[in-house]
Amino acid sequence: TRSCCIATITAFGLKGIAILVQQEGVGRFLASRASVRKMVGVNTVNTRAIRRLMMQRGLTFPKVSVLVGGPDWPTSVLAGILRCDVLQCMLGTIPVIFFLWPPVVMGALSLPNPPMDADQQKLVLAFASLVSLVPLLNAGRAIEREVREHREEIEQEEPDAEVVELETADKRSNAVRAAAIHWKRQNVKAIAYEKPGAADRGGAAGQGHGESQVEYAIEEGWLSPMPWHARALLLAGWLCSWACVTLIAMLDDYCFVVFEITDSIAEKLDGNALNAILPLGWVSFGLLLGAILCMRLFGRWASTEAKKLDSKLDTSPSAPSAQN
């Protein structure tokens, strides 16, 4: 019991240090980069709702649910990117101490000679897992409720202008790339994407407020049929991925040696950790590398084709039509 208490207090202290470092040292630093803010979706309704909850003062239930129930690293870094008050976030994380003991108990029961029989261990582990799941469920419920009850206020918040520009550029590049890698791309006649308009300034980007549709016509001969080698890379990559997942999911006992956290590498694996991988396991790794290689090669080809098509759109004499 004393060891579990010490471990819980130590974990609580590490949690506080992690919040400070991740939020102020990582998140706050990344907040100045528009690409990072776009990646976390600062203009989306859900991210704005999370920020509203984190910015609440004191120990409100929705705030505690998000800070305690959210994954450690993403939650703290996101709080820094959203420029939330670190002291308020640390205050809202204090109740996490009540949810630290389940993993501590689970770890204690994994040691040799546990203080209870196997059936009691299973019961305690099941209960501990259930308790650890409660904060995560509460976090999702708190975010959903905030969006449902305050959606209009959230959508009226001023969007991040830099992020809106990046999102618009991404929409165009994604639309161009989708046309360039279409399986029957010679049949694609136009490229269309949604562009946030001036009327969107007072609403959430991408929520349908003041958006206009930009459409480019594709002239005859711009896109030839997809070459055979590009199609071969797609099919080969899919086959390698499917085979790799099938081997690991259905024949895992033939791919890897069963190794518990309490086992010894010296005794069970003859001092070499790579001995945990059986011959079929190496085959699955080879299939994974093959899938990655096919993906990278196809990605290079796709980027080249997208750039060619994009340059043709820029130099086309026909201006795009915008439909509100």
# chains A, B, ... in the order shown; residues from 1 in each chain; ligands from 1
$ select_by_dssp --residues "stretch 59-308 of chain A" --states "strand (DSSP E or B)" --output "ChimeraX atom specification"
/A:190-196,211-217,256,277
$ write_last_selection --atoms "all heavy atoms" --output "tab-separated table (two decimals), in the first residue's frame"
chain	number	residue	atom	x	y	z
A	190	ALA	N	-13.64	18.97	-64.62
A	190	ALA	CA	-13.52	20.22	-63.86
A	190	ALA	C	-12.99	19.94	-62.46
A	190	ALA	O	-13.05	18.82	-61.97
A	190	ALA	CB	-14.88	20.93	-63.77
A	191	ILE	N	-12.43	20.97	-61.86
A	191	ILE	CA	-11.94	20.92	-60.48
A	191	ILE	C	-12.69	21.99	-59.68
A	191	ILE	O	-12.72	23.16	-60.08
A	191	ILE	CB	-10.43	21.18	-60.41
A	191	ILE	CG1	-9.68	20.05	-61.12
A	191	ILE	CG2	-9.96	21.30	-58.97
A	191	ILE	CD1	-8.19	20.32	-61.23
A	192	ALA	N	-13.29	21.61	-58.58
A	192	ALA	CA	-14.06	22.55	-57.77
A	192	ALA	C	-13.68	22.41	-56.30
A	192	ALA	O	-13.39	21.31	-55.83
A	192	ALA	CB	-15.56	22.32	-57.95
A	193	TYR	N	-13.68	23.52	-55.59
A	193	TYR	CA	-13.42	23.50	-54.15
A	193	TYR	C	-14.09	24.71	-53.51
A	193	TYR	O	-14.39	25.69	-54.18
A	193	TYR	CB	-11.91	23.51	-53.85
A	193	TYR	CG	-11.17	24.73	-54.32
A	193	TYR	CD1	-10.97	25.82	-53.48
A	193	TYR	CD2	-10.64	24.80	-55.61
A	193	TYR	CE1	-10.28	26.95	-53.90
A	193	TYR	CE2	-9.95	25.91	-56.05
A	193	TYR	CZ	-9.78	26.98	-55.19
A	193	TYR	OH	-9.10	28.09	-55.61
A	194	GLU	N	-14.32	24.60	-52.21
A	194	GLU	CA	-14.99	25.67	-51.47
A	194	GLU	C	-13.95	26.66	-50.97
A	194	GLU	O	-12.94	26.28	-50.37
A	194	GLU	CB	-15.78	25.11	-50.29
A	194	GLU	CG	-16.87	24.14	-50.67
A	194	GLU	CD	-17.99	24.79	-51.43
A	194	GLU	OE1	-18.17	26.01	-51.26
A	194	GLU	OE2	-18.67	24.11	-52.23
A	195	LYS	N	-14.20	27.93	-51.19
A	195	LYS	CA	-13.30	28.99	-50.75
A	195	LYS	C	-14.02	29.92	-49.79
A	195	LYS	O	-15.04	30.51	-50.17
A	195	LYS	CB	-12.79	29.79	-51.95
A	195	LYS	CG	-11.85	30.93	-51.59
A	195	LYS	CD	-11.39	31.67	-52.84
A	195	LYS	CE	-10.46	32.83	-52.48
A	195	LYS	NZ	-10.03	33.58	-53.69
A	196	PRO	N	-13.53	30.07	-48.54
A	196	PRO	CA	-14.17	30.99	-47.61
A	196	PRO	C	-14.18	32.40	-48.16
A	196	PRO	O	-13.15	32.91	-48.62
A	196	PRO	CB	-13.30	30.90	-46.34
A	196	PRO	CG	-12.61	29.59	-46.47
A	196	PRO	CD	-12.40	29.37	-47.94
A	211	GLU	N	-19.28	30.95	-47.86
A	211	GLU	CA	-18.34	30.26	-48.72
A	211	GLU	C	-18.78	30.39	-50.17
A	211	GLU	O	-19.96	30.53	-50.48
A	211	GLU	CB	-18.24	28.79	-48.34
A	211	GLU	CG	-17.51	28.56	-47.02
A	211	GLU	CD	-17.24	27.08	-46.79
A	211	GLU	OE1	-17.87	26.26	-47.47
A	211	GLU	OE2	-16.39	26.77	-45.95
A	212	SER	N	-17.82	30.36	-51.07
A	212	SER	CA	-18.11	30.37	-52.50
A	212	SER	C	-17.39	29.20	-53.15
A	212	SER	O	-16.31	28.79	-52.70
A	212	SER	CB	-17.64	31.69	-53.14
A	212	SER	OG	-16.25	31.86	-52.96
A	213	GLN	N	-17.98	28.68	-54.19
A	213	GLN	CA	-17.39	27.54	-54.88
A	213	GLN	C	-16.58	28.03	-56.07
A	213	GLN	O	-17.09	28.74	-56.93
A	213	GLN	CB	-18.46	26.57	-55.35
A	213	GLN	CG	-17.88	25.33	-56.03
A	213	GLN	CD	-18.94	24.32	-56.39
A	213	GLN	OE1	-20.10	24.51	-56.09
A	213	GLN	NE2	-18.53	23.24	-57.03
A	214	VAL	N	-15.32	27.65	-56.10
A	214	VAL	CA	-14.43	28.00	-57.20
A	214	VAL	C	-14.30	26.78	-58.10
A	214	VAL	O	-14.04	25.67	-57.62
A	214	VAL	CB	-13.05	28.44	-56.69
A	214	VAL	CG1	-12.13	28.78	-57.86
A	214	VAL	CG2	-13.20	29.64	-55.77
A	215	GLU	N	-14.50	26.98	-59.38
A	215	GLU	CA	-14.47	25.86	-60.32
A	215	GLU	C	-13.57	26.18	-61.51
A	215	GLU	O	-13.67	27.25	-62.11
A	215	GLU	CB	-15.88	25.54	-60.80
A	215	GLU	CG	-15.96	24.31	-61.71
A	215	GLU	CD	-17.38	23.93	-62.03
A	215	GLU	OE1	-18.24	24.02	-61.12
A	215	GLU	OE2	-17.63	23.55	-63.19
A	216	TYR	N	-12.67	25.25	-61.81
A	216	TYR	CA	-11.78	25.35	-62.97
A	216	TYR	C	-12.17	24.29	-63.99
A	216	TYR	O	-12.32	23.10	-63.63
A	216	TYR	CB	-10.32	25.13	-62.58
A	216	TYR	CG	-9.69	26.24	-61.77
A	216	TYR	CD1	-9.82	26.28	-60.39
A	216	TYR	CD2	-8.96	27.24	-62.40
A	216	TYR	CE1	-9.23	27.30	-59.66
A	216	TYR	CE2	-8.36	28.25	-61.67
A	216	TYR	CZ	-8.51	28.28	-60.30
A	216	TYR	OH	-7.93	29.27	-59.57
A	217	ALA	N	-12.31	24.68	-65.22
A	217	ALA	CA	-12.57	23.71	-66.28
A	217	ALA	C	-11.26	23.10	-66.75
A	217	ALA	O	-10.24	23.79	-66.88
A	217	ALA	CB	-13.28	24.39	-67.45
A	256	PHE	N	5.70	-13.52	-33.80
A	256	PHE	CA	6.45	-12.99	-32.66
A	256	PHE	C	6.38	-13.96	-31.48
A	256	PHE	O	5.37	-14.65	-31.29
A	256	PHE	CB	5.90	-11.62	-32.24
A	256	PHE	CG	5.80	-10.64	-33.36
A	256	PHE	CD1	4.57	-10.37	-33.96
A	256	PHE	CD2	6.92	-9.99	-33.85
A	256	PHE	CE1	4.47	-9.48	-35.01
A	256	PHE	CE2	6.83	-9.10	-34.90
A	256	PHE	CZ	5.60	-8.84	-35.49
A	277	ILE	N	11.33	-11.74	-32.76
A	277	ILE	CA	10.73	-11.72	-34.09
A	277	ILE	C	11.02	-13.05	-34.78
A	277	ILE	O	12.19	-13.39	-35.02
A	277	ILE	CB	11.28	-10.56	-34.93
A	277	ILE	CG1	11.12	-9.23	-34.18
A	277	ILE	CG2	10.57	-10.48	-36.28
A	277	ILE	CD1	11.76	-8.05	-34.87
$ closest_residue --among "A:Ala243, A:Leu269, A:Met295, A:Ala169" --to "A:Ser35" --atoms "only C-alpha atoms"
A:Ala169
$ atom_distance --atom1 "atom CA of A:Ile143" --atom2 "atom CA of A:Gln88"
18.1 Å
$ closest_residue --among "A:Cys84, A:Leu109, A:Met90, A:Val68" --to "A:Gln121" --atoms "only C-alpha atoms"
A:Leu109
$ residues_around --residues "A:Ala34" --least-positions-apart "3" --cutoff "7 Å" --atoms "only C-alpha atoms" --output "VMD selection string"
chain A and resid 37 to 38 162 to 163
$ atom_distance --atom1 "atom CA of A:Leu166" --atom2 "atom CA of A:Ala79"
21.5 Å
